[in-house]
Structures are given as C-alpha cells and as structure tokens.
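Below is the file input.cif, which contains mmCIF, C-alpha atoms.
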data_protein
loop_
_atom_site.label_atom_id
_atom_site.label_comp_id
_atom_site.auth_asym_id
_atom_site.auth_seq_id
_atom_site.Cartn_x
_atom_site.Cartn_y
_atom_site.Cartn_z
CA MET A 1 17.97 8.64 -21.57
CA LYS A 2 18.29 8.48 -17.80
CA LYS A 3 17.99 12.24 -17.45
CA LYS A 4 14.80 12.29 -19.49
CA ALA A 5 13.29 9.47 -17.45
CA PHE A 6 14.25 11.24 -14.22
CA LYS A 7 12.60 14.46 -15.39
CA ALA A 8 9.45 12.58 -16.40
CA ALA A 9 9.28 10.69 -13.09
CA LEU A 10 9.96 13.59 -10.71
CA PRO A 11 6.61 15.45 -10.99
CA TYR A 12 4.65 12.26 -10.26
CA THR A 13 6.64 11.68 -7.08
CA LEU A 14 6.33 15.22 -5.65
CA PRO A 15 2.96 14.68 -3.97
CA ILE A 16 4.35 11.40 -2.60
CA CYS A 17 7.43 13.33 -1.44
CA VAL A 18 5.37 15.55 0.85
CA GLY A 19 3.34 12.57 2.02
CA PHE A 20 6.38 10.37 2.66
CA LEU A 21 8.36 13.10 4.41
CA PHE A 22 5.33 13.73 6.61
CA LEU A 23 4.49 10.07 7.26
CA GLY A 24 8.16 9.06 7.48
CA MET A 25 8.86 11.81 9.97
CA SER A 26 5.94 10.78 12.13
CA TYR A 27 7.28 7.21 12.03
CA GLY A 28 10.84 8.24 12.93
CA PHE A 29 9.50 10.57 15.59
CA MET A 30 7.41 7.77 17.09
CA MET A 31 10.41 5.37 17.10
CA ARG A 32 12.45 7.96 18.95
CA SER A 33 9.63 8.54 21.44
CA LYS A 34 9.74 4.79 22.19
CA GLY A 35 13.44 5.09 22.96
CA PHE A 36 15.08 3.79 19.76
CA SER A 37 18.18 5.46 18.30
CA PHE A 38 17.80 7.06 14.86
CA VAL A 39 19.77 4.13 13.39
CA TYR A 40 16.66 1.93 13.77
CA PRO A 41 14.26 3.98 11.61
CA LEU A 42 17.12 4.61 9.17
CA CYS A 43 17.81 0.89 8.63
CA MET A 44 14.19 -0.23 8.89
CA SER A 45 12.90 2.34 6.40
CA PHE A 46 15.65 1.36 3.97
CA PHE A 47 15.49 -2.45 4.22
CA ILE A 48 11.86 -3.18 5.14
CA TYR A 49 10.52 -0.24 3.12
CA ALA A 50 6.86 -1.07 3.78
CA GLY A 51 5.27 1.71 5.80
CA SER A 52 2.54 0.04 7.79
CA MET A 53 4.80 -2.95 8.59
CA GLU A 54 7.46 -0.61 9.97
CA PHE A 55 4.96 0.80 12.45
CA VAL A 56 4.02 -2.78 13.40
CA THR A 57 7.69 -3.79 13.73
CA ALA A 58 8.19 -1.04 16.31
CA ASN A 59 5.68 -2.90 18.48
CA LEU A 60 7.33 -6.27 17.73
CA LEU A 61 10.71 -4.96 18.91
CA LEU A 62 9.16 -3.92 22.21
CA SER A 63 7.53 -7.29 22.91
CA ALA A 64 8.94 -10.80 23.51
CA PHE A 65 11.29 -12.32 20.87
CA ASN A 66 9.24 -14.44 18.45
CA PRO A 67 10.61 -14.51 14.89
CA VAL A 68 8.10 -17.08 13.57
CA TYR A 69 5.15 -14.93 14.62
CA ALA A 70 6.92 -11.87 13.17
CA PHE A 71 7.36 -13.64 9.82
CA PHE A 72 3.72 -14.69 9.47
CA LEU A 73 2.44 -11.34 10.67
CA THR A 74 4.57 -9.70 7.96
CA LEU A 75 3.18 -12.04 5.31
CA MET A 76 -0.35 -11.08 6.30
CA VAL A 77 0.18 -7.33 6.57
CA ASN A 78 2.07 -7.26 3.26
CA ALA A 79 0.08 -9.91 1.37
CA ARG A 80 -1.34 -7.17 -0.85
CA HIS A 81 2.11 -6.98 -2.51
CA LEU A 82 1.37 -10.39 -4.06
CA PHE A 83 -1.47 -8.68 -5.92
CA TYR A 84 0.75 -5.79 -6.91
CA GLY A 85 3.32 -8.25 -8.27
CA ILE A 86 0.69 -10.03 -10.35
CA SER A 87 -0.44 -6.67 -11.77
CA MET A 88 3.14 -5.71 -12.64
CA LEU A 89 4.27 -8.99 -14.28
CA GLU A 90 3.78 -7.46 -17.75
CA LYS A 91 5.04 -3.96 -17.00
CA TYR A 92 8.31 -5.11 -15.40
CA LYS A 93 9.19 -7.26 -18.42
CA ASN A 94 12.43 -6.45 -20.24
CA THR A 95 13.71 -4.04 -17.61
CA GLY A 96 16.99 -5.97 -17.07
CA TRP A 97 18.85 -5.61 -13.76
CA LYS A 98 16.49 -2.82 -12.73
CA LYS A 99 13.79 -5.44 -12.28
CA PHE A 100 15.33 -6.57 -8.99
CA TYR A 101 15.13 -3.08 -7.54
CA LEU A 102 11.65 -2.49 -9.00
CA ILE A 103 10.40 -5.56 -7.14
CA PHE A 104 12.35 -4.77 -3.94
CA GLY A 105 10.90 -1.26 -3.78
CA MET A 106 7.32 -2.03 -4.81
CA CYS A 107 5.54 -0.08 -2.04
CA ASP A 108 1.89 1.06 -2.29
CA GLU A 109 2.74 4.47 -3.72
CA SER A 110 5.36 3.38 -6.27
CA PHE A 111 2.98 0.67 -7.38
CA THR A 112 0.14 3.17 -7.81
CA VAL A 113 2.24 5.49 -10.00
CA ASN A 114 3.92 2.75 -12.04
CA CYS A 115 0.66 0.90 -12.53
CA THR A 116 -1.43 3.88 -13.65
CA VAL A 117 0.97 6.33 -15.33
CA ASP A 118 2.12 5.82 -18.91
CA PRO A 119 5.36 7.76 -19.45
CA PRO A 120 5.68 9.84 -22.66
CA GLU A 121 6.62 7.74 -25.69
CA ASP A 122 10.21 8.97 -25.93
CA VAL A 123 10.91 8.03 -22.29
CA ASP A 124 12.29 4.60 -21.37
CA ARG A 125 9.65 2.86 -19.26
CA GLY A 126 12.16 0.85 -17.19
CA TRP A 127 14.15 3.91 -16.15
CA PHE A 128 10.96 5.88 -15.51
CA MET A 129 9.72 3.23 -13.05
CA PHE A 130 13.22 2.93 -11.56
CA PHE A 131 13.32 6.64 -10.73
CA VAL A 132 9.77 6.61 -9.34
CA ASN A 133 10.93 3.87 -6.96
CA ALA A 134 14.29 5.42 -6.12
CA LEU A 135 12.87 8.90 -5.45
CA ASN A 136 10.09 7.51 -3.28
CA GLN A 137 12.50 5.44 -1.24
CA PHE A 138 14.80 8.43 -0.86
CA TYR A 139 11.91 10.54 0.50
CA TRP A 140 10.82 7.80 2.87
CA VAL A 141 14.27 7.07 4.35
CA THR A 142 15.02 10.80 4.62
CA GLY A 143 11.69 11.45 6.36
CA ALA A 144 12.09 8.57 8.82
CA THR A 145 15.65 9.56 9.74
CA ALA A 146 14.84 13.27 9.99
CA GLY A 147 11.81 12.50 12.17
CA ALA A 148 13.93 10.46 14.59
CA LEU A 149 16.57 13.20 14.72
CA LEU A 150 13.85 15.79 15.41
CA GLY A 151 12.63 13.56 18.21
CA TYR A 152 15.87 14.30 20.07
CA VAL A 153 15.06 18.04 20.19
CA ILE A 154 11.29 18.59 19.84
CA HIS A 155 8.49 17.34 22.06
CA PHE A 156 4.78 17.89 21.26
CA ASN A 157 1.49 16.03 21.45
CA THR A 158 1.39 13.64 18.48
CA THR A 159 -1.82 11.84 19.49
CA GLY A 160 -3.83 10.98 16.38
CA ILE A 161 -0.94 11.48 13.92
CA GLU A 162 -1.30 7.83 12.84
CA PHE A 163 -4.54 8.82 11.09
CA VAL A 164 -2.38 10.06 8.21
CA MET A 165 -2.32 6.45 6.96
CA THR A 166 -6.12 6.18 6.98
CA ALA A 167 -6.45 9.55 5.24
CA LEU A 168 -4.02 8.41 2.55
CA PHE A 169 -5.98 5.24 1.79
CA VAL A 170 -9.34 7.06 1.88
CA VAL A 171 -8.11 9.57 -0.71
CA MET A 172 -6.65 6.78 -2.87
CA PHE A 173 -10.00 5.01 -2.64
CA ILE A 174 -11.90 8.12 -3.81
CA ASN A 175 -9.45 8.65 -6.70
CA GLN A 176 -9.76 5.04 -7.85
CA TRP A 177 -13.52 5.12 -7.43
CA GLU A 178 -13.79 8.04 -9.82
CA GLU A 179 -11.50 6.64 -12.48
CA ALA A 180 -13.01 3.12 -12.52
CA LYS A 181 -15.65 2.28 -15.10
CA ASP A 182 -17.59 0.03 -12.78
CA HIS A 183 -17.32 -0.08 -9.02
CA LYS A 184 -17.75 -3.82 -8.57
CA SER A 185 -14.08 -4.40 -7.68
CA ALA A 186 -13.97 -1.66 -5.04
CA LEU A 187 -17.28 -2.79 -3.55
CA VAL A 188 -16.13 -6.43 -3.39
CA GLY A 189 -13.01 -5.29 -1.50
CA VAL A 190 -14.94 -3.28 1.08
CA ALA A 191 -17.78 -5.79 1.51
CA CYS A 192 -15.55 -8.87 1.96
CA SER A 193 -13.30 -6.99 4.39
CA VAL A 194 -16.15 -5.68 6.53
CA ILE A 195 -17.88 -9.08 6.66
CA CYS A 196 -14.62 -10.87 7.60
CA LEU A 197 -13.82 -8.20 10.17
CA MET A 198 -17.17 -8.85 11.84
CA ILE A 199 -16.73 -12.63 11.75
CA PHE A 200 -13.01 -13.06 12.56
CA GLY A 201 -12.23 -9.90 14.57
CA SER A 202 -9.56 -7.28 14.00
CA ASP A 203 -6.53 -9.54 14.63
CA ASN A 204 -7.42 -12.33 12.21
CA PHE A 205 -9.54 -10.89 9.42
CA ILE A 206 -6.90 -10.05 6.77
CA LEU A 207 -6.25 -13.56 5.43
CA PRO A 208 -9.93 -14.61 5.21
CA ALA A 209 -10.73 -11.22 3.66
CA MET A 210 -8.11 -11.74 0.94
CA ALA A 211 -9.25 -15.31 0.31
CA SER A 212 -12.91 -14.27 0.00
CA ILE A 213 -11.99 -11.35 -2.32
CA ILE A 214 -10.15 -13.75 -4.63
CA LEU A 215 -13.00 -16.27 -4.52
CA CYS A 216 -15.53 -13.54 -5.39
CA PHE A 217 -13.49 -12.43 -8.39
CA VAL A 218 -12.93 -15.96 -9.67
CA GLY A 219 -16.66 -16.58 -9.29
CA MET A 220 -17.53 -13.35 -11.11
CA LYS A 221 -15.18 -14.22 -13.98
CA LYS A 222 -16.73 -17.70 -14.36
CA HIS A 223 -20.21 -16.12 -14.33
CA ASP A 224 -19.22 -13.63 -17.07
CA GLU A 225 -17.70 -16.39 -19.20
CA ASN A 226 -20.82 -18.56 -18.94
CA LYS A 227 -22.98 -15.60 -19.98
CA ARG A 228 -20.74 -14.92 -22.96
CA LYS A 229 -20.88 -18.57 -24.00
CA GLU A 230 -24.69 -18.52 -23.77
CA ARG A 231 -24.83 -15.41 -25.93
CA LEU A 232 -22.44 -16.98 -28.46
CA GLY A 233 -24.56 -20.14 -28.51
CA LYS A 234 -27.72 -18.15 -29.19
CA ALA A 235 -26.01 -16.17 -31.95
CA GLU A 236 -24.89 -19.38 -33.64
CA LYS A 237 -28.41 -20.80 -33.52
CA THR A 238 -29.94 -17.72 -35.16
CA ILE A 239 -27.29 -17.82 -37.91
CA SER A 240 -27.89 -21.49 -38.71
CA MET B 1 15.17 -8.12 23.57
CA THR B 2 18.92 -8.17 23.02
CA ILE B 3 20.42 -6.31 20.05
CA THR B 4 20.93 -9.65 18.24
CA GLN B 5 17.28 -10.56 18.74
CA GLN B 6 16.24 -7.14 17.45
CA ILE B 7 18.39 -7.60 14.33
CA VAL B 8 16.92 -11.08 13.77
CA THR B 9 13.37 -9.69 14.15
CA ILE B 10 14.04 -6.90 11.63
CA ALA B 11 15.69 -9.37 9.23
CA VAL B 12 12.68 -11.69 9.47
CA VAL B 13 10.32 -8.78 8.68
CA VAL B 14 12.52 -7.91 5.68
CA LEU B 15 12.41 -11.55 4.55
CA GLY B 16 8.60 -11.68 4.92
CA THR B 17 8.15 -8.43 3.00
CA MET B 18 10.45 -9.56 0.19
CA THR B 19 8.64 -12.91 -0.01
CA THR B 20 5.38 -11.09 -0.77
CA ARG B 21 7.09 -8.89 -3.35
CA PHE B 22 9.20 -11.47 -5.21
CA LEU B 23 6.92 -14.53 -5.13
CA PRO B 24 4.72 -13.65 -8.15
CA PHE B 25 7.82 -13.01 -10.27
CA LEU B 26 9.39 -16.33 -9.21
CA ILE B 27 6.21 -18.30 -9.98
CA PHE B 28 5.63 -16.58 -13.33
CA PRO B 29 9.05 -15.76 -14.82
CA GLU B 30 9.35 -13.82 -18.09
CA GLY B 31 8.24 -15.85 -21.07
CA LYS B 32 5.91 -17.98 -18.98
CA GLU B 33 2.37 -16.77 -19.60
CA PRO B 34 0.31 -16.57 -16.39
CA PRO B 35 -3.17 -18.14 -16.67
CA ALA B 36 -6.05 -15.85 -17.69
CA VAL B 37 -7.49 -15.94 -14.16
CA ILE B 38 -4.24 -14.51 -12.76
CA THR B 39 -4.05 -11.63 -15.25
CA TYR B 40 -7.72 -10.90 -14.60
CA LEU B 41 -7.05 -10.77 -10.87
CA GLY B 42 -4.18 -8.40 -11.57
CA THR B 43 -6.55 -5.89 -13.17
CA VAL B 44 -9.33 -5.98 -10.55
CA LEU B 45 -7.46 -6.62 -7.29
CA PRO B 46 -5.79 -3.20 -6.93
CA TYR B 47 -9.25 -1.61 -6.59
CA ALA B 48 -10.36 -4.17 -4.04
CA VAL B 49 -7.13 -3.95 -2.03
CA ILE B 50 -7.49 -0.19 -1.44
CA GLY B 51 -10.96 -0.95 -0.02
CA LEU B 52 -9.39 -3.63 2.17
CA LEU B 53 -6.73 -1.17 3.39
CA VAL B 54 -9.35 1.41 4.36
CA VAL B 55 -11.12 -1.25 6.41
CA TYR B 56 -7.73 -2.38 7.81
CA CYS B 57 -7.07 1.16 9.06
CA MET B 58 -10.47 1.27 10.73
CA LYS B 59 -10.28 -2.24 12.19
CA ASP B 60 -9.79 -1.20 15.84
CA VAL B 61 -12.23 1.71 15.73
CA PRO B 62 -15.39 -0.13 16.91
CA GLY B 63 -13.56 -1.18 20.07
CA SER B 64 -12.21 2.29 20.85
CA GLY B 65 -13.88 4.72 23.24
CA HIS B 66 -15.74 6.96 20.79
CA TYR B 67 -17.58 4.45 18.56
CA GLY B 68 -15.79 5.83 15.49
CA VAL B 69 -17.35 9.30 15.69
CA PRO B 70 -14.07 11.27 15.19
CA GLU B 71 -13.07 8.86 12.39
CA LEU B 72 -16.46 9.22 10.67
CA ILE B 73 -16.41 13.03 10.93
CA THR B 74 -12.88 13.12 9.49
CA ILE B 75 -13.62 10.76 6.59
CA VAL B 76 -16.72 12.76 5.59
CA PHE B 77 -14.59 15.92 5.83
CA ILE B 78 -11.86 14.35 3.64
CA ALA B 79 -14.43 13.25 1.03
CA ILE B 80 -16.00 16.74 0.82
CA LEU B 81 -12.61 18.51 0.79
CA HIS B 82 -11.32 16.15 -1.88
CA LYS B 83 -14.40 16.57 -4.10
CA TRP B 84 -14.10 20.32 -3.73
CA LYS B 85 -10.37 21.04 -4.05
CA ARG B 86 -9.10 17.90 -5.84
CA SER B 87 -5.79 18.09 -3.99
CA THR B 88 -4.56 14.76 -2.63
CA LEU B 89 -2.14 16.30 -0.16
CA LEU B 90 -4.53 18.96 1.10
CA SER B 91 -7.11 16.23 1.72
CA ILE B 92 -4.63 14.00 3.57
CA GLY B 93 -3.01 16.83 5.56
CA GLY B 94 -6.30 18.58 6.36
CA GLY B 95 -7.91 15.32 7.41
CA THR B 96 -5.02 14.35 9.68
CA VAL B 97 -4.91 17.77 11.37
CA LEU B 98 -8.69 17.71 11.92
CA TYR B 99 -8.46 14.20 13.41
CA MET B 100 -5.59 15.22 15.74
CA LEU B 101 -7.58 18.27 16.91
CA LEU B 102 -10.67 16.12 17.45
CA VAL B 103 -8.98 13.40 19.52
CA GLN B 104 -6.79 15.83 21.48
CA MET B 105 -9.36 18.52 22.25
CA VAL B 106 -12.94 17.41 21.65
CA PHE B 107 -13.15 13.70 22.44
#
Could you rewrite the structure in this file as structure tokens?
Amino acid sequence: MKKKAFKAALPYTLPICVGFLFLGMSYGFMMRSKGFSFVYPLCMSFFIYAGSMEFVTANLLLSAFNPVYAFFLTLMVNARHLFYGISMLEKYKNTGWKKFYLIFGMCDESFTVNCTVDPPEDVDRGWFMFFVNALNQFYWVTGATAGALLGYVIHFNTTGIEFVMTALFVVMFINQWEEAKDHKSALVGVACSVICLMIFGSDNFILPAMASIILCFVGMKKHDENKRKERLGKAEKTIS
Amino acid sequence: MTITQQIVTIAVVVLGTMTTRFLPFLIFPEGKEPPAVITYLGTVLPYAVIGLLVVYCMKDVPGSGHYGVPELITIVFIAILHKWKRSTLLSIGGGTVLYMLLVQMVF
C-alpha cells in the first residue's frame, strides 16, 4: 500500500524537486555568504520548513535579539497557512498519526499538490499526501544543505536570484487562473493586496490585506445567498 | 546575537509557523463541522492567496531604483513563455535567469 502511494506521489513532486533543490540551494548559498555554518540552513529548513520565512529569519538572526517581534512577523508572513489548513480540514480527515506530519509539513507546494490532485482510486489518500510532504521536505532540506556546502567552495554573482520566488508565484497564479471557472477569487486577492499595499506600505500591508480579502468573500457570499433567496421567493409566488 | 539567542529566535519562528499550520485543526477537530462560511472560504481563499503572494513578492519594487522595469519585463516574459511551452520549471528557471541577467548587466 505504501509502495503504491509512493509511486503515485513521486511524479507530482518531481517538478517541485527541481524547484526546491534550486530555491533551497540559493537559500543555503545565501546563508553561507552571510557567514552562517551549514548547520543553520540544515536545521532551519527542517524545523521551520517555510521557504519565505527562512529567508526572513536569516535577516532576523543578523539583527538585534527580539523574539516577540520575530513571533508576530512569522504569524504575518505565514498567515496564509491558516487558509491552507481550513481548505484541508476535510482532506486530512481519517489519516491517523500521519495527520500530525501532514499539518507540520503543509508548505505552499505540498498544499497545492494535495489540494488539487486526486490520487488513483486504488491508492490510499493518506499515504499519498504523506509521501508528497515527505519527498518535498527531503528535496528542500537537501537543497538548503547542499547550497550551504557549495558556498564553501564556489563564489559567483547571485544578484537577482531571489526572483525565483516571484517567478514561482507568478506561474502558480497563471496555472490557477486557467483552471478556475470564474476569476473573482484571484481578482479579489490581487485588488485587496494592491490597495492595502498603497495605503499601509510594504511593511504593514499583509494583515490588512488578509482581513479585507476575508471581508470581501464573506460579503460576496451573503450577496449570493440573498439573491438565491429572492429567486426562491419569486418561484414560490409563481407556483402559488 | 549569542548562540542561545539565535536558537531562541529560530525556535520562536518554528513556533509561529506551527501556530499558523495547526490552529485551524485545533479549532475545528474531526467530527466538528466548521460553519458554511469557513468551508466556503476554504474553497476561494487559495486563489486569492496566490494573488496576495505575487503582490507580496513585488512589495518593495516601487521603492527600488528601476521603477519595476526589470520585474515587469520578466513577468511578461514568464507569462508568454508559460503560455507557449506550458512548462512550469522552464518558466520559473527562464524567468529567474532573465531577471538575473537584467539586474546584473542591463540595469
């Protein structure tokens, strides 16, 4: 059962493998260029296991000690995981002890695969998702460690390498755009974020952006429900 | 920072990350049905969050030296390449290389 799930999961993780090795290596390489031993990216990629936050933590480690600020900054940068969790409440049901690891390792990429891919019917869903997570984490930790080790021997101009994160999200955005039936959700996300960025500035816009996105969706749902009720009411009148 | 302070900082980041990942499952344990609004949010939010992340990546661009020109060129390039070849990795890799060339050599 495990072998089958592993074989089903592997192909979906291969594109992520190349991406994670690449991104992980650039992260490890950057850590090394800031003077950290390879033990740092190794431990951070394993325990934090949230890409963008690991880049941010590198900066935190180089500035003054302030754990409270670090905690709230983490909550803001990773708040999107709350949404992922809500989306996965159903799918993680009945997965037993694996559930703990599925939640621990719920990064953007594992979430995307586990949320959108339905494994073949004869494959156990819990083990499928488990291997998607485990393989992705393996690629990420390997990449980060290898990048730091490479940093001991190779030196080249890495300016602009951080754009790999932007490119990743842009491509994910295009993919989602094409598979969605209506583009309201994507447009709400972009519009609220841009407006909040202009009002609150780049350091403070994430929380208001998330709040306004949620408010928009709740408002839209209420609006839809009212419309449906109106239609139902009309239908009843014509029947009577 | 001392080594102890570095370990505390990393531990706090781990704690923050795990809070965001475990909280929904603690609030809505198995068997407890989340309200309709929450399940609805679960279906629409992933699309919105990717949009938010794109904006998050671009958040410091307006303040940088080149008014977002290299970023804009690269994103248009990624969109065309992705429409044409349909390869996620080629689009990401090609876009990153183009951006690195642009900021290192042109701008």
At most 12 Å is the cut-off: for each residue in segment 1-104 of chain B with any atom that close to an atom of segment 77-83 of chain A, write down the nearest atom pair and the distance in Å rounded to one decimal, counting all atoms listed in the file, chain first then increasing number, as CSV.
residue,atom,partner,partner_atom,distance
B:Val13,CA,A:Asn78,CA,10.0
B:Val14,CA,A:Asn78,CA,10.7
B:Leu15,CA,A:Asn78,CA,11.3
B:Gly16,CA,A:Asn78,CA,8.1
B:Thr17,CA,A:Asn78,CA,6.2
B:Met18,CA,A:His81,CA,9.1
B:Thr19,CA,A:Leu82,CA,8.7
B:Thr20,CA,A:Leu82,CA,5.2
B:Arg21,CA,A:His81,CA,5.4
B:Phe22,CA,A:Leu82,CA,8.0
B:Leu23,CA,A:Leu82,CA,7.0
B:Pro24,CA,A:Leu82,CA,6.2
B:Phe25,CA,A:Leu82,CA,9.3
B:Leu26,CA,A:Leu82,CA,11.2
B:Ile27,CA,A:Leu82,CA,11.0
B:Phe28,CA,A:Leu82,CA,11.9
B:Ile38,CA,A:Phe83,CA,9.4
B:Thr39,CA,A:Phe83,CA,10.1
B:Tyr40,CA,A:Phe83,CA,10.9
B:Leu41,CA,A:Phe83,CA,7.7
B:Gly42,CA,A:Phe83,CA,6.3
B:Thr43,CA,A:Phe83,CA,9.3
B:Val44,CA,A:Phe83,CA,9.5
B:Leu45,CA,A:Phe83,CA,6.5
B:Pro46,CA,A:Phe83,CA,7.1
B:Tyr47,CA,A:Phe83,CA,10.5
B:Ala48,CA,A:Arg80,CA,10.0
B:Val49,CA,A:Arg80,CA,6.7
B:Ile50,CA,A:Arg80,CA,9.3
B:Gly51,CA,A:Arg80,CA,11.5
B:Leu52,CA,A:Arg80,CA,9.3
B:Leu53,CA,A:Arg80,CA,9.1
B:Tyr56,CA,A:Val77,CA,9.4
B:Cys57,CA,A:Val77,CA,11.4
>> Using all atoms listed in the file, list the residues that have an atom at most 12 Å from (-16.8, 10.9, 2.8), coordinates as in the file, as a VMD selection string.
In response: (chain A and resid 167 170 to 171 173 to 174) or (chain B and resid 71 to 84 91 95)
Could you turn the residues from that selection into a file that holds C-alpha atoms, as a tab-separated table (two decimals), in the frame of the given file?
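Produced file again_2.tsv, reproduced below:
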chain	number	residue	atom	x	y	z
A	167	ALA	CA	-6.45	9.55	5.24
A	170	VAL	CA	-9.34	7.06	1.88
A	171	VAL	CA	-8.11	9.57	-0.71
A	173	PHE	CA	-10.00	5.01	-2.64
A	174	ILE	CA	-11.90	8.12	-3.81
B	71	GLU	CA	-13.07	8.86	12.39
B	72	LEU	CA	-16.46	9.22	10.67
B	73	ILE	CA	-16.41	13.03	10.93
B	74	THR	CA	-12.88	13.12	9.49
B	75	ILE	CA	-13.62	10.76	6.59
B	76	VAL	CA	-16.72	12.76	5.59
B	77	PHE	CA	-14.59	15.92	5.83
B	78	ILE	CA	-11.86	14.35	3.64
B	79	ALA	CA	-14.43	13.25	1.03
B	80	ILE	CA	-16.00	16.74	0.82
B	81	LEU	CA	-12.61	18.51	0.79
B	82	HIS	CA	-11.32	16.15	-1.88
B	83	LYS	CA	-14.40	16.57	-4.10
B	84	TRP	CA	-14.10	20.32	-3.73
B	91	SER	CA	-7.11	16.23	1.72
B	95	GLY	CA	-7.91	15.32	7.41
>> Translate the PyMOL selection byres ((chain A and resi 96-105) around 9) into a concrete residue list for this structure, as a ChimeraX atom specification.
In response: /A:49-50,85,92-95,106-107,110-111,126-127,129-130,133-134,136-137 /B:17-18,21-22,25
I need the residues from that last selection saved to file as a compact mmCIF listing (two decimals), in the coordinates of the input (with C-alpha atoms), if you can.
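As a result, out_23.txt now contains:
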# COMPACT_ATOMS: atom_id res chain seq x y z
CA TYR A 49 10.52 -0.24 3.12
CA ALA A 50 6.86 -1.07 3.78
CA GLY A 85 3.32 -8.25 -8.27
CA TYR A 92 8.31 -5.11 -15.40
CA LYS A 93 9.19 -7.26 -18.42
CA ASN A 94 12.43 -6.45 -20.24
CA THR A 95 13.71 -4.04 -17.61
CA MET A 106 7.32 -2.03 -4.81
CA CYS A 107 5.54 -0.08 -2.04
CA SER A 110 5.36 3.38 -6.27
CA PHE A 111 2.98 0.67 -7.38
CA GLY A 126 12.16 0.85 -17.19
CA TRP A 127 14.15 3.91 -16.15
CA MET A 129 9.72 3.23 -13.05
CA PHE A 130 13.22 2.93 -11.56
CA ASN A 133 10.93 3.87 -6.96
CA ALA A 134 14.29 5.42 -6.12
CA ASN A 136 10.09 7.51 -3.28
CA GLN A 137 12.50 5.44 -1.24
CA THR B 17 8.15 -8.43 3.00
CA MET B 18 10.45 -9.56 0.19
CA ARG B 21 7.09 -8.89 -3.35
CA PHE B 22 9.20 -11.47 -5.21
CA PHE B 25 7.82 -13.01 -10.27
> Got a sec to resolve the PyMOL selection byres ((chain A) within 6 of (chain B)) on this structure and send the residues as a ChimeraX atom specification?
Replying inline: /A:48,67,71,74-75,79,81-82,85-87,160,163-164,166-169,173,185-186,189-190,193,202
List every protein, DNA or RNA residue that has at least one atom no more than 7 Å from (10.2, 7.7, 12.5) in the file's coordinates, counting all atoms listed in the file, and write the result as a short mmCIF file (atom, residue, chain, number, x, y, z; two decimals) with C-alpha atoms, in the coordinates of the input.
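File produced: out.cif:
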data_model
loop_
_atom_site.label_atom_id
_atom_site.label_comp_id
_atom_site.auth_asym_id
_atom_site.auth_seq_id
_atom_site.Cartn_x
_atom_site.Cartn_y
_atom_site.Cartn_z
CA GLY A 24 8.16 9.06 7.48
CA MET A 25 8.86 11.81 9.97
CA SER A 26 5.94 10.78 12.13
CA TYR A 27 7.28 7.21 12.03
CA GLY A 28 10.84 8.24 12.93
CA PHE A 29 9.50 10.57 15.59
CA MET A 30 7.41 7.77 17.09
CA MET A 31 10.41 5.37 17.10
CA ARG A 32 12.45 7.96 18.95
CA PRO A 41 14.26 3.98 11.61
CA ALA A 144 12.09 8.57 8.82
CA THR A 145 15.65 9.56 9.74
CA GLY A 147 11.81 12.50 12.17
CA ALA A 148 13.93 10.46 14.59
#
Using the file's own x, y and z axes, so that the box edges lie along x, y and z, what centre and edge lengths in Å (one decimal) does a box around every listed atom of segment 212-226 of chain A get when 6 Å is added on each side? Give it as JSON.
{"center_x": -15.5, "center_y": -15.0, "center_z": -9.6, "size_x": 22.7, "size_y": 19.2, "size_z": 31.2}
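Atom CA of Trp140 of chain A is found 8.1 Å from atom CA of Phe46 of chain A.
Across the structure, atom CA of Lys221 of chain A and atom CA of Lys184 of chain A are spaced 12.0 Å apart.
Here atom CA of Asn157 of chain A and atom CA of Pro70 of chain B stand 17.4 Å from one another.
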Given the file shown, determine the residues that the PyMOL selection byres ((chain A and resi 206-215) around 6) selects; report them as a PDB file with C-alpha atoms, in the frame of the given file.
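Resulting contents of result_1.pdb:
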ATOM      1  CA  CYS A 192     -15.550  -8.870   1.960  1.00  0.00           C
ATOM      2  CA  SER A 193     -13.300  -6.990   4.390  1.00  0.00           C
ATOM      3  CA  CYS A 196     -14.620 -10.870   7.600  1.00  0.00           C
ATOM      4  CA  ASN A 204      -7.420 -12.330  12.210  1.00  0.00           C
ATOM      5  CA  PHE A 205      -9.540 -10.890   9.420  1.00  0.00           C
ATOM      6  CA  CYS A 216     -15.530 -13.540  -5.390  1.00  0.00           C
ATOM      7  CA  PHE A 217     -13.490 -12.430  -8.390  1.00  0.00           C
ATOM      8  CA  VAL A 218     -12.930 -15.960  -9.670  1.00  0.00           C
TER       9      VAL A 218
END
